[in-house]
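Undergrad: Dropping in entry_2.tsv, which is TSV, C-alpha atoms:
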chain	number	residue	atom	x	y	z
A	1	MET	CA	72.24	-11.85	-43.99
A	2	VAL	CA	70.48	-14.03	-41.47
A	3	ARG	CA	72.35	-16.54	-39.41
A	4	CYS	CA	70.32	-19.55	-38.36
A	5	VAL	CA	72.53	-21.60	-36.14
A	6	LYS	CA	69.81	-23.31	-34.14
A	7	PRO	CA	66.23	-24.40	-34.71
A	8	ALA	CA	63.71	-21.60	-34.25
A	9	GLY	CA	62.50	-21.30	-30.67
A	10	ASP	CA	65.85	-22.01	-29.07
A	11	GLU	CA	66.93	-19.68	-26.34
A	12	ARG	CA	70.26	-18.87	-24.90
A	13	THR	CA	70.94	-19.57	-21.26
A	14	PRO	CA	71.48	-16.52	-19.00
A	15	ASP	CA	75.23	-16.83	-19.38
A	16	GLY	CA	74.89	-16.62	-23.17
A	17	ALA	CA	75.61	-20.27	-24.01
A	18	ALA	CA	73.40	-21.86	-26.63
A	19	HIS	CA	71.28	-24.93	-26.04
A	20	ALA	CA	71.92	-27.89	-28.31
A	21	GLU	CA	68.24	-28.47	-29.04
A	22	VAL	CA	68.51	-31.36	-31.44
A	23	GLY	CA	66.29	-33.83	-29.58
A	24	PRO	CA	63.09	-31.77	-29.32
A	25	ALA	CA	63.44	-30.64	-32.92
A	26	ARG	CA	63.21	-34.24	-34.13
A	27	GLU	CA	59.99	-34.82	-32.22
A	28	GLN	CA	58.49	-31.62	-33.50
A	29	LEU	CA	59.25	-32.58	-37.07
A	30	LEU	CA	57.93	-36.13	-37.14
A	31	ASN	CA	55.38	-38.19	-35.26
A	32	THR	CA	54.39	-41.78	-35.88
A	33	THR	CA	51.45	-43.65	-34.39
A	34	THR	CA	50.86	-47.35	-34.81
A	35	ASP	CA	47.30	-48.64	-35.00
A	36	GLU	CA	46.98	-52.36	-34.21
A	37	ARG	CA	44.02	-53.98	-35.94
A	38	ASP	CA	42.91	-57.58	-36.37
A	39	ASP	CA	43.78	-57.59	-40.04
A	40	ALA	CA	46.53	-54.99	-40.26
A	41	VAL	CA	49.07	-52.80	-38.57
A	42	VAL	CA	48.68	-49.21	-39.74
A	43	VAL	CA	51.62	-46.87	-39.21
A	44	ARG	CA	50.46	-43.27	-39.52
A	45	VAL	CA	53.09	-40.62	-40.12
A	46	ASP	CA	52.64	-36.92	-39.46
A	47	GLY	CA	55.28	-34.34	-40.30
A	48	GLU	CA	58.42	-34.20	-42.39
A	49	ILE	CA	60.52	-37.16	-43.51
A	50	ASP	CA	64.11	-36.11	-44.21
A	51	GLY	CA	67.61	-37.11	-43.16
A	52	LEU	CA	66.93	-36.08	-39.58
A	53	THR	CA	63.63	-37.90	-39.08
A	54	ALA	CA	63.86	-40.89	-41.46
A	55	PRO	CA	65.71	-43.05	-38.85
A	56	ARG	CA	62.73	-42.72	-36.48
A	57	LEU	CA	60.35	-43.74	-39.24
A	58	ARG	CA	62.58	-46.70	-40.04
A	59	THR	CA	62.42	-47.78	-36.39
A	60	ALA	CA	58.62	-47.50	-36.27
A	61	ILE	CA	58.23	-49.55	-39.45
A	62	ALA	CA	60.71	-52.19	-38.22
A	63	ALA	CA	58.73	-52.52	-34.98
A	64	ALA	CA	55.53	-52.94	-37.00
A	65	PHE	CA	57.10	-55.69	-39.12
A	66	ASP	CA	58.21	-57.43	-35.92
A	67	ARG	CA	54.62	-57.54	-34.67
A	68	LEU	CA	52.96	-58.20	-38.03
A	69	GLY	CA	52.44	-61.96	-38.05
A	70	GLU	CA	49.94	-62.76	-40.78
A	71	ARG	CA	48.62	-59.19	-40.92
A	72	VAL	CA	49.15	-56.59	-43.60
A	73	LEU	CA	51.30	-53.49	-43.04
A	74	VAL	CA	49.81	-50.19	-44.19
A	75	LEU	CA	51.79	-46.97	-44.16
A	76	ASP	CA	49.63	-43.83	-44.00
A	77	LEU	CA	51.45	-40.77	-45.35
A	78	THR	CA	48.44	-38.51	-45.90
A	79	GLU	CA	49.61	-36.10	-43.17
A	80	VAL	CA	53.21	-35.98	-44.33
A	81	GLN	CA	54.26	-32.48	-45.37
A	82	PHE	CA	57.68	-33.31	-46.77
A	83	LEU	CA	59.29	-36.45	-48.22
A	84	GLY	CA	62.93	-36.29	-49.31
A	85	SER	CA	65.42	-38.86	-50.57
A	86	ALA	CA	66.14	-40.22	-47.08
A	87	GLY	CA	62.43	-41.01	-46.71
A	88	LEU	CA	62.31	-42.51	-50.18
A	89	ARG	CA	65.21	-44.76	-49.20
A	90	THR	CA	63.24	-45.87	-46.14
A	91	LEU	CA	60.20	-46.60	-48.31
A	92	LEU	CA	62.29	-48.63	-50.74
A	93	ASP	CA	63.85	-50.66	-47.91
A	94	SER	CA	60.42	-51.17	-46.36
A	95	ALA	CA	59.04	-52.33	-49.71
A	96	ALA	CA	61.79	-54.96	-49.87
A	97	GLU	CA	60.93	-56.06	-46.32
A	98	ALA	CA	57.24	-56.24	-47.20
A	99	MET	CA	58.06	-58.62	-50.03
A	100	HIS	CA	59.39	-61.11	-47.50
A	101	HIS	CA	56.52	-60.72	-45.06
A	102	ASP	CA	53.50	-60.40	-47.22
A	103	GLY	CA	53.78	-63.18	-49.76
A	104	TYR	CA	55.50	-60.94	-52.31
A	105	GLN	CA	52.82	-58.26	-52.09
A	106	PRO	CA	53.90	-54.65	-52.63
A	107	LEU	CA	54.06	-52.32	-49.63
A	108	ARG	CA	50.70	-50.56	-49.18
A	109	VAL	CA	51.11	-46.80	-48.84
A	110	VAL	CA	48.20	-44.39	-48.37
A	111	VAL	CA	48.91	-41.04	-50.02
A	112	ASP	CA	45.42	-39.75	-50.91
A	113	GLU	CA	46.17	-36.68	-53.09
A	114	ASN	CA	49.09	-35.49	-51.00
A	115	ARG	CA	51.29	-33.99	-53.68
A	116	PRO	CA	54.40	-33.40	-51.51
A	117	VAL	CA	54.46	-37.17	-51.01
A	118	ILE	CA	53.26	-38.36	-54.43
A	119	ARG	CA	55.63	-36.16	-56.45
A	120	PRO	CA	58.93	-37.44	-55.03
A	121	ILE	CA	57.63	-41.01	-55.22
A	122	GLU	CA	56.85	-40.47	-58.91
A	123	ILE	CA	60.15	-38.73	-59.65
A	124	VAL	CA	62.26	-41.68	-58.52
A	125	GLY	CA	59.87	-44.29	-59.91
A	126	LEU	CA	58.77	-45.72	-56.56
A	127	ASP	CA	55.18	-45.65	-57.80
A	128	ASN	CA	56.11	-48.80	-59.73
A	129	VAL	CA	57.22	-50.53	-56.54
A	130	LEU	CA	54.68	-49.35	-53.98
A	131	ALA	CA	50.93	-49.90	-53.98
A	132	LEU	CA	49.44	-46.41	-53.56
A	133	TYR	CA	45.97	-45.80	-52.13
A	134	HIS	CA	43.63	-42.90	-51.46
A	135	SER	CA	42.61	-44.12	-48.00
A	136	VAL	CA	43.41	-46.68	-45.33
A	137	ASN	CA	40.09	-48.39	-46.09
A	138	ASP	CA	41.02	-48.71	-49.75
A	139	ALA	CA	44.38	-50.17	-48.77
A	140	LEU	CA	42.73	-52.74	-46.50
A	141	ALA	CA	40.04	-53.65	-49.01
A	142	SER	CA	42.66	-54.56	-51.57
B	1	MET	CA	43.33	-46.04	-59.99
B	2	PRO	CA	46.32	-44.90	-57.97
B	3	PRO	CA	46.47	-41.22	-57.06
B	4	THR	CA	48.69	-38.99	-59.18
B	5	SER	CA	50.23	-35.67	-58.50
B	6	ASP	CA	48.63	-33.58	-61.23
B	7	GLN	CA	46.76	-31.45	-58.73
B	8	ASP	CA	47.20	-27.72	-58.91
B	9	GLN	CA	45.03	-26.90	-55.95
B	10	HIS	CA	45.84	-28.29	-52.57
B	11	PRO	CA	44.18	-27.50	-49.27
B	12	PRO	CA	46.42	-25.85	-46.68
B	13	ARG	CA	48.34	-28.42	-44.73
B	14	ARG	CA	48.71	-28.47	-40.99
B	15	GLY	CA	51.90	-27.07	-39.56
B	16	GLN	CA	52.92	-25.11	-42.63
B	17	ALA	CA	53.41	-21.39	-42.72
B	18	GLN	CA	50.65	-19.90	-44.82
B	19	PRO	CA	51.45	-16.78	-46.86
B	20	LYS	CA	50.00	-13.73	-45.16
B	21	PRO	CA	48.82	-10.79	-47.23
B	22	THR	CA	51.31	-8.05	-46.71
B	23	SER	CA	51.87	-4.57	-47.99
B	24	ALA	CA	55.63	-4.86	-47.52
B	25	PRO	CA	57.66	-5.71	-50.62
B	26	ALA	CA	59.07	-9.24	-50.66
B	27	PRO	CA	62.81	-9.35	-49.92
B	28	GLU	CA	64.79	-9.65	-53.15
B	29	THR	CA	67.29	-12.01	-51.57
B	30	LEU	CA	67.43	-14.47	-48.71
B	31	ASP	CA	70.75	-15.41	-47.15
B	32	LEU	CA	71.05	-18.20	-44.63
B	33	VAL	CA	74.07	-19.60	-42.79
B	34	LEU	CA	73.43	-22.80	-40.91
B	35	ASN	CA	75.44	-25.12	-38.73
B	36	ALA	CA	76.02	-28.36	-40.62
B	37	GLU	CA	73.54	-30.48	-38.69
B	38	TRP	CA	70.76	-32.77	-39.76
B	39	VAL	CA	68.16	-30.23	-38.63
B	40	ALA	CA	69.53	-27.70	-41.14
B	41	PRO	CA	67.47	-28.85	-44.15
B	42	SER	CA	64.21	-28.34	-42.24
B	43	ILE	CA	65.23	-24.81	-41.22
B	44	VAL	CA	66.10	-24.01	-44.82
B	45	ARG	CA	62.79	-25.46	-46.07
B	46	THR	CA	60.79	-23.27	-43.70
B	47	ARG	CA	62.67	-20.08	-44.55
B	48	VAL	CA	62.62	-20.70	-48.30
B	49	ARG	CA	58.89	-21.47	-48.22
B	50	GLU	CA	58.22	-18.19	-46.45
B	51	TRP	CA	60.37	-16.26	-48.90
B	52	LEU	CA	58.73	-17.84	-51.96
B	53	ALA	CA	55.27	-17.26	-50.47
B	54	ALA	CA	56.16	-13.58	-50.05
B	55	HIS	CA	56.85	-13.60	-53.79
B	56	GLN	CA	53.46	-15.24	-54.46
B	57	TRP	CA	55.07	-18.37	-55.83
B	58	PRO	CA	52.53	-21.05	-56.86
B	59	THR	CA	52.19	-23.84	-54.29
B	60	ALA	CA	53.11	-26.73	-56.57
B	61	ALA	CA	56.22	-24.88	-57.72
B	62	VAL	CA	57.17	-24.13	-54.09
B	63	ASP	CA	56.93	-27.80	-53.15
B	64	GLU	CA	59.21	-28.93	-55.97
B	65	LEU	CA	61.76	-26.20	-55.38
B	66	VAL	CA	61.88	-26.82	-51.63
B	67	LEU	CA	62.37	-30.52	-52.34
B	68	ALA	CA	65.37	-29.78	-54.59
B	69	ILE	CA	66.93	-27.30	-52.16
B	70	SER	CA	66.48	-29.68	-49.24
B	71	GLU	CA	68.34	-32.37	-51.21
B	72	ALA	CA	71.21	-29.99	-51.94
B	73	VAL	CA	71.53	-28.99	-48.27
B	74	SER	CA	71.31	-32.65	-47.21
B	75	ASN	CA	74.06	-33.53	-49.69
B	76	SER	CA	76.34	-30.90	-48.18
B	77	ILE	CA	75.81	-32.35	-44.73
B	78	GLU	CA	76.04	-35.99	-45.76
B	79	HIS	CA	78.74	-35.86	-48.47
B	80	GLY	CA	80.42	-32.51	-47.91
B	81	TYR	CA	80.92	-32.84	-44.18
B	82	CYS	CA	80.07	-36.54	-43.62
B	83	ILE	CA	77.86	-35.77	-40.65
B	84	ARG	CA	76.19	-38.99	-39.54
B	85	ALA	CA	72.44	-39.03	-38.93
B	86	ASP	CA	72.95	-40.08	-35.31
B	87	SER	CA	75.60	-37.47	-34.56
B	88	VAL	CA	74.93	-35.34	-31.49
B	89	GLU	CA	78.01	-33.16	-31.58
B	90	ARG	CA	77.60	-29.51	-32.53
B	91	SER	CA	79.37	-28.98	-35.81
B	92	THR	CA	81.41	-25.86	-36.44
B	93	GLU	CA	81.01	-26.33	-40.18
B	94	VAL	CA	78.46	-24.27	-42.08
B	95	VAL	CA	76.18	-24.58	-45.07
B	96	GLU	CA	75.25	-21.35	-46.84
B	97	VAL	CA	72.09	-20.83	-48.85
B	98	HIS	CA	71.77	-17.72	-51.01
B	99	SER	CA	68.44	-17.06	-52.76
B	100	ARG	CA	67.58	-14.39	-55.29
B	101	MET	CA	64.95	-13.60	-57.88
B	102	ASP	CA	65.64	-13.36	-61.58
B	103	ALA	CA	63.26	-12.11	-64.28
B	104	ASP	CA	63.23	-12.84	-67.99
B	105	ALA	CA	62.56	-10.10	-70.53
B	106	ASP	CA	58.93	-11.24	-70.72
B	107	GLY	CA	58.50	-10.95	-66.95
B	108	PHE	CA	58.63	-14.67	-66.18
B	109	ARG	CA	60.47	-15.20	-62.94
B	110	HIS	CA	63.08	-17.68	-61.80
B	111	ALA	CA	64.19	-18.20	-58.23
B	112	VAL	CA	67.91	-18.91	-58.13
B	113	PHE	CA	69.55	-20.66	-55.18
B	114	THR	CA	73.18	-21.30	-54.39
B	115	ILE	CA	73.92	-23.92	-51.74
B	116	ARG	CA	77.52	-23.94	-50.64
B	117	ASP	CA	79.62	-26.02	-48.28
B	118	TYR	CA	83.32	-25.97	-47.49
B	119	GLY	CA	83.82	-29.69	-47.06
B	120	ALA	CA	85.75	-32.16	-49.16
B	121	TRP	CA	83.22	-34.05	-51.26
B	122	ARG	CA	83.68	-37.73	-50.76
B	123	LYS	CA	82.31	-40.09	-53.37
B	124	PRO	CA	79.73	-42.27	-51.67
B	125	THR	CA	81.13	-45.77	-51.19
B	126	ASP	CA	77.63	-47.18	-51.01
B	127	ARG	CA	76.82	-48.36	-54.50
B	128	ARG	CA	73.06	-48.60	-54.05
B	129	THR	CA	71.14	-46.67	-56.65
B	130	THR	CA	69.24	-44.83	-53.95
B	131	ARG	CA	72.31	-42.67	-53.49
B	132	GLY	CA	71.48	-41.03	-56.79
B	133	HIS	CA	67.98	-39.98	-55.79
B	134	GLY	CA	69.05	-36.56	-54.56
B	135	MET	CA	70.62	-35.56	-57.88
B	136	LEU	CA	67.71	-37.00	-59.87
B	137	ILE	CA	65.28	-35.02	-57.73
B	138	MET	CA	67.25	-31.80	-58.19
B	139	ARG	CA	67.48	-32.19	-61.96
B	140	THR	CA	63.76	-32.99	-62.23
B	141	CYS	CA	62.58	-30.14	-60.02
B	142	ALA	CA	64.78	-27.34	-61.32
B	143	ASP	CA	65.37	-25.84	-64.75
B	144	GLU	CA	69.09	-25.78	-64.24
B	145	VAL	CA	71.43	-27.53	-61.82
B	146	LEU	CA	75.11	-26.64	-61.77
B	147	VAL	CA	77.44	-28.39	-59.35
B	148	ASP	CA	80.89	-27.00	-58.79
B	149	TYR	CA	83.24	-29.30	-56.87
B	150	SER	CA	86.55	-28.03	-55.62
B	151	GLU	CA	89.03	-28.89	-52.91
B	152	SER	CA	87.67	-26.05	-50.81
B	153	GLY	CA	84.05	-27.13	-51.04
B	154	THR	CA	81.00	-27.68	-53.20
B	155	SER	CA	78.59	-25.17	-54.63
B	156	VAL	CA	75.23	-26.14	-56.13
B	157	LEU	CA	73.25	-23.67	-58.20
B	158	LEU	CA	69.55	-24.39	-58.66
B	159	ARG	CA	67.51	-22.27	-61.05
B	160	SER	CA	63.77	-22.76	-60.80
B	161	ARG	CA	61.34	-23.35	-63.62
B	162	PRO	CA	59.80	-20.10	-64.89
B	163	VAL	CA	56.83	-18.76	-62.98
B	164	PRO	CA	54.40	-16.22	-64.47
B	165	PRO	CA	54.74	-12.60	-63.39
B	166	THR	CA	52.54	-11.64	-60.46
B	167	LEU	CA	49.05	-10.67	-61.51
B	168	THR	CA	49.11	-7.44	-59.60
B	169	ASN	CA	51.83	-4.97	-58.86
B	170	THR	CA	49.64	-2.84	-56.67
B	171	ARG	CA	49.91	-3.28	-52.94
B	172	THR	CA	46.95	-2.97	-50.64
B	173	THR	CA	47.25	-0.23	-48.08
B	174	PRO	CA	46.71	-1.32	-44.48
Go ahead and express the file in the form of structure tokens.

TA:
Amino acid sequence: MVRCVKPAGDERTPDGAAHAEVGPAREQLLNTTTDERDDAVVVRVDGEIDGLTAPRLRTAIAAAFDRLGERVLVLDLTEVQFLGSAGLRTLLDSAAEAMHHDGYQPLRVVVDENRPVIRPIEIVGLDNVLALYHSVNDALAS
Amino acid sequence: MPPTSDQDQHPPRRGQAQPKPTSAPAPETLDLVLNAEWVAPSIVRTRVREWLAAHQWPTAAVDELVLAISEAVSNSIEHGYCIRADSVERSTEVVEVHSRMDADADGFRHAVFTIRDYGAWRKPTDRRTTRGHGMLIMRTCADEVLVDYSESGTSVLLRSRPVPPTLTNTRTTP
């Protein structure tokens, strides 16, 4: 029986108390970078999108929509290693937001052949709502 | 043509534990007890991936199973214990994950997981259909899903799709 009460890598202080290492774990699990271009804002996501990290993704996408203007938003999930229902919820909400911004165009999501991202999208039928692309260039050429 | 997921081969992804060749037998069971926090699903995913890799589980099957298990653990935290995503308090509640291997008479293998919490399941008041995604994912990714609700907690049993027996039973000597 293994007891995992903290993320791996946590250490106890000399007096035996445990650190509450919740903050660093979030950053280790998910990173977003936003690439500002003339024609688009590309939000690249690296890591795992679950209940812990989806709020940070939501914040990054909201910030991108705020700055969008007439440009297109592209979400690059090719480096995402896990996408659960919390992330799918974020994608669905972002797709609704994109409808308002982009003249009723579907949200452009780059997935390449990343099965851990494509499979959950297919399972819940989000592939009928999102516009999926193999590359950022493909998404921008559309 | 949009990409689809019918890929059996996938290059190794950054940041994921890769199965290492080992001469040690894979553990028959894996038992985890985690604090009910929003980091728990990621800990479970990592440990279950390692355990399945030790059993030479095919990559595509690992991904789907880990997805289902992560949903079950997330449900325990969100619905069993109602831990909010922005909570910073350490919870004293626990989620237990028990994993074991099962084999059919013809040697096909199933991984069987039991995810248990001791919270009072509260029906989600949010009526959006996205609330159902977790259950849909579990039922799609596993052969069998059994949910047992009681006043003392919730137990979810996930039985994987069958996986062929390992090609070799011989172990390399170091």

Undergrad: Go through chain B residue by residue and, counting all atoms listed in the file, keep those with an atom at most 6 Å from chain A; for each kept residue give the shortest atom pair and its distance in Å to one decimal, ordered by chain and increasing number, as CSV.

TA:
residue,atom,partner,partner_atom,distance
B:Pro2,CA,A:Leu132,CA,5.6
B:Ser5,CA,A:Arg115,CA,5.2
B:Asp31,CA,A:Met1,CA,5.0
B:Leu32,CA,A:Val2,CA,5.3
B:Val33,CA,A:Arg3,CA,4.9
B:Leu34,CA,A:Val5,CA,5.0
B:Asn35,CA,A:Val5,CA,5.3
B:Trp38,CA,A:Leu52,CA,5.1
B:His133,CA,A:Ser85,CA,5.9
B:Gly134,CA,A:Ser85,CA,5.9

Undergrad: Give me the residues within 10 Å of A:Asp35 as a ChimeraX atom specification, counting only C-alpha atoms and dropping any in the same chain fewer than 3 places off.

TA: /A:32,40-44,64,74

Undergrad: Which residues come within 7 Å of B:Tyr118, counting all atoms listed in the file, excluding same-chain residues fewer than 3 positions away, as a list in words?

TA: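 With the cut-off at 7 Å, the set is Ser152, Gly153 and Thr154 of chain B.
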
Undergrad: Do you have the atom CA of A:Ala63-atom CA of A:Ala98 distance handy?

TA: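 For atom CA of A:Ala63 relative to atom CA of A:Ala98, the distance reads 12.9 Å.
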
Undergrad: At a cut-off of 12 Å, using only C-alpha atoms, what residues contact B:Met135? Leave out same-chain residues fewer than 6 positions from it and give the result as a list in words.

TA: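 Counting only C-alpha atoms, the residues come to Gly84, Ser85, Ile123 and Val124 of chain A; Leu67, Ala68, Ile69, Ser70, Glu71, Ala72, Val73, Ser74, Asn75, Thr129, Cys141, Ala142, Glu144, Val145, Leu146, Val147, Val156 and Leu158 of chain B.
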
Undergrad: Expressed in Å to a single decimal, how great is the separation between atom CA of B:Glu93 and atom CA of B:Tyr81?

TA: 7.6 Å

Undergrad: What is the atom CA of B:Thr92 to atom CA of B:Arg49 distance in Å?

TA: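 Rounded to one decimal, the two atoms are 25.8 Å apart.
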
Undergrad: Point out the residue among A:Ala62, A:Ala139, A:Val109, A:Leu57 with the least atom-to-atom distance to A:Leu75, counting all atoms listed in the file.

TA: A:Val109

Undergrad: May I ask which of the residues B:Ala103, B:Val39, B:Val48, B:Met138 is the closest one to B:Pro162, counting only C-alpha atoms?

TA: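 Of B:Ala103, B:Val39, B:Val48, B:Met138, the one nearest B:Pro162, counting only C-alpha atoms, is B:Ala103.
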
Undergrad: Using all atoms listed in the file for the distances, tell me which of B:Gly132, B:Pro41, B:Leu30, B:His98 is nearest to B:Ser76.

TA: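 Using all atoms listed in the file, B:Ser76 sits closest to B:Pro41.
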
Undergrad: Determine, counting all atoms listed in the file, which protein, DNA and RNA residues have an atom within 7 Å of an atom of B:Arg159; residues of the same chain fewer than 2 positions away are not included. Present the result as a VMD selection string.

TA: chain B and resid 110 to 113 142 to 145 157 161
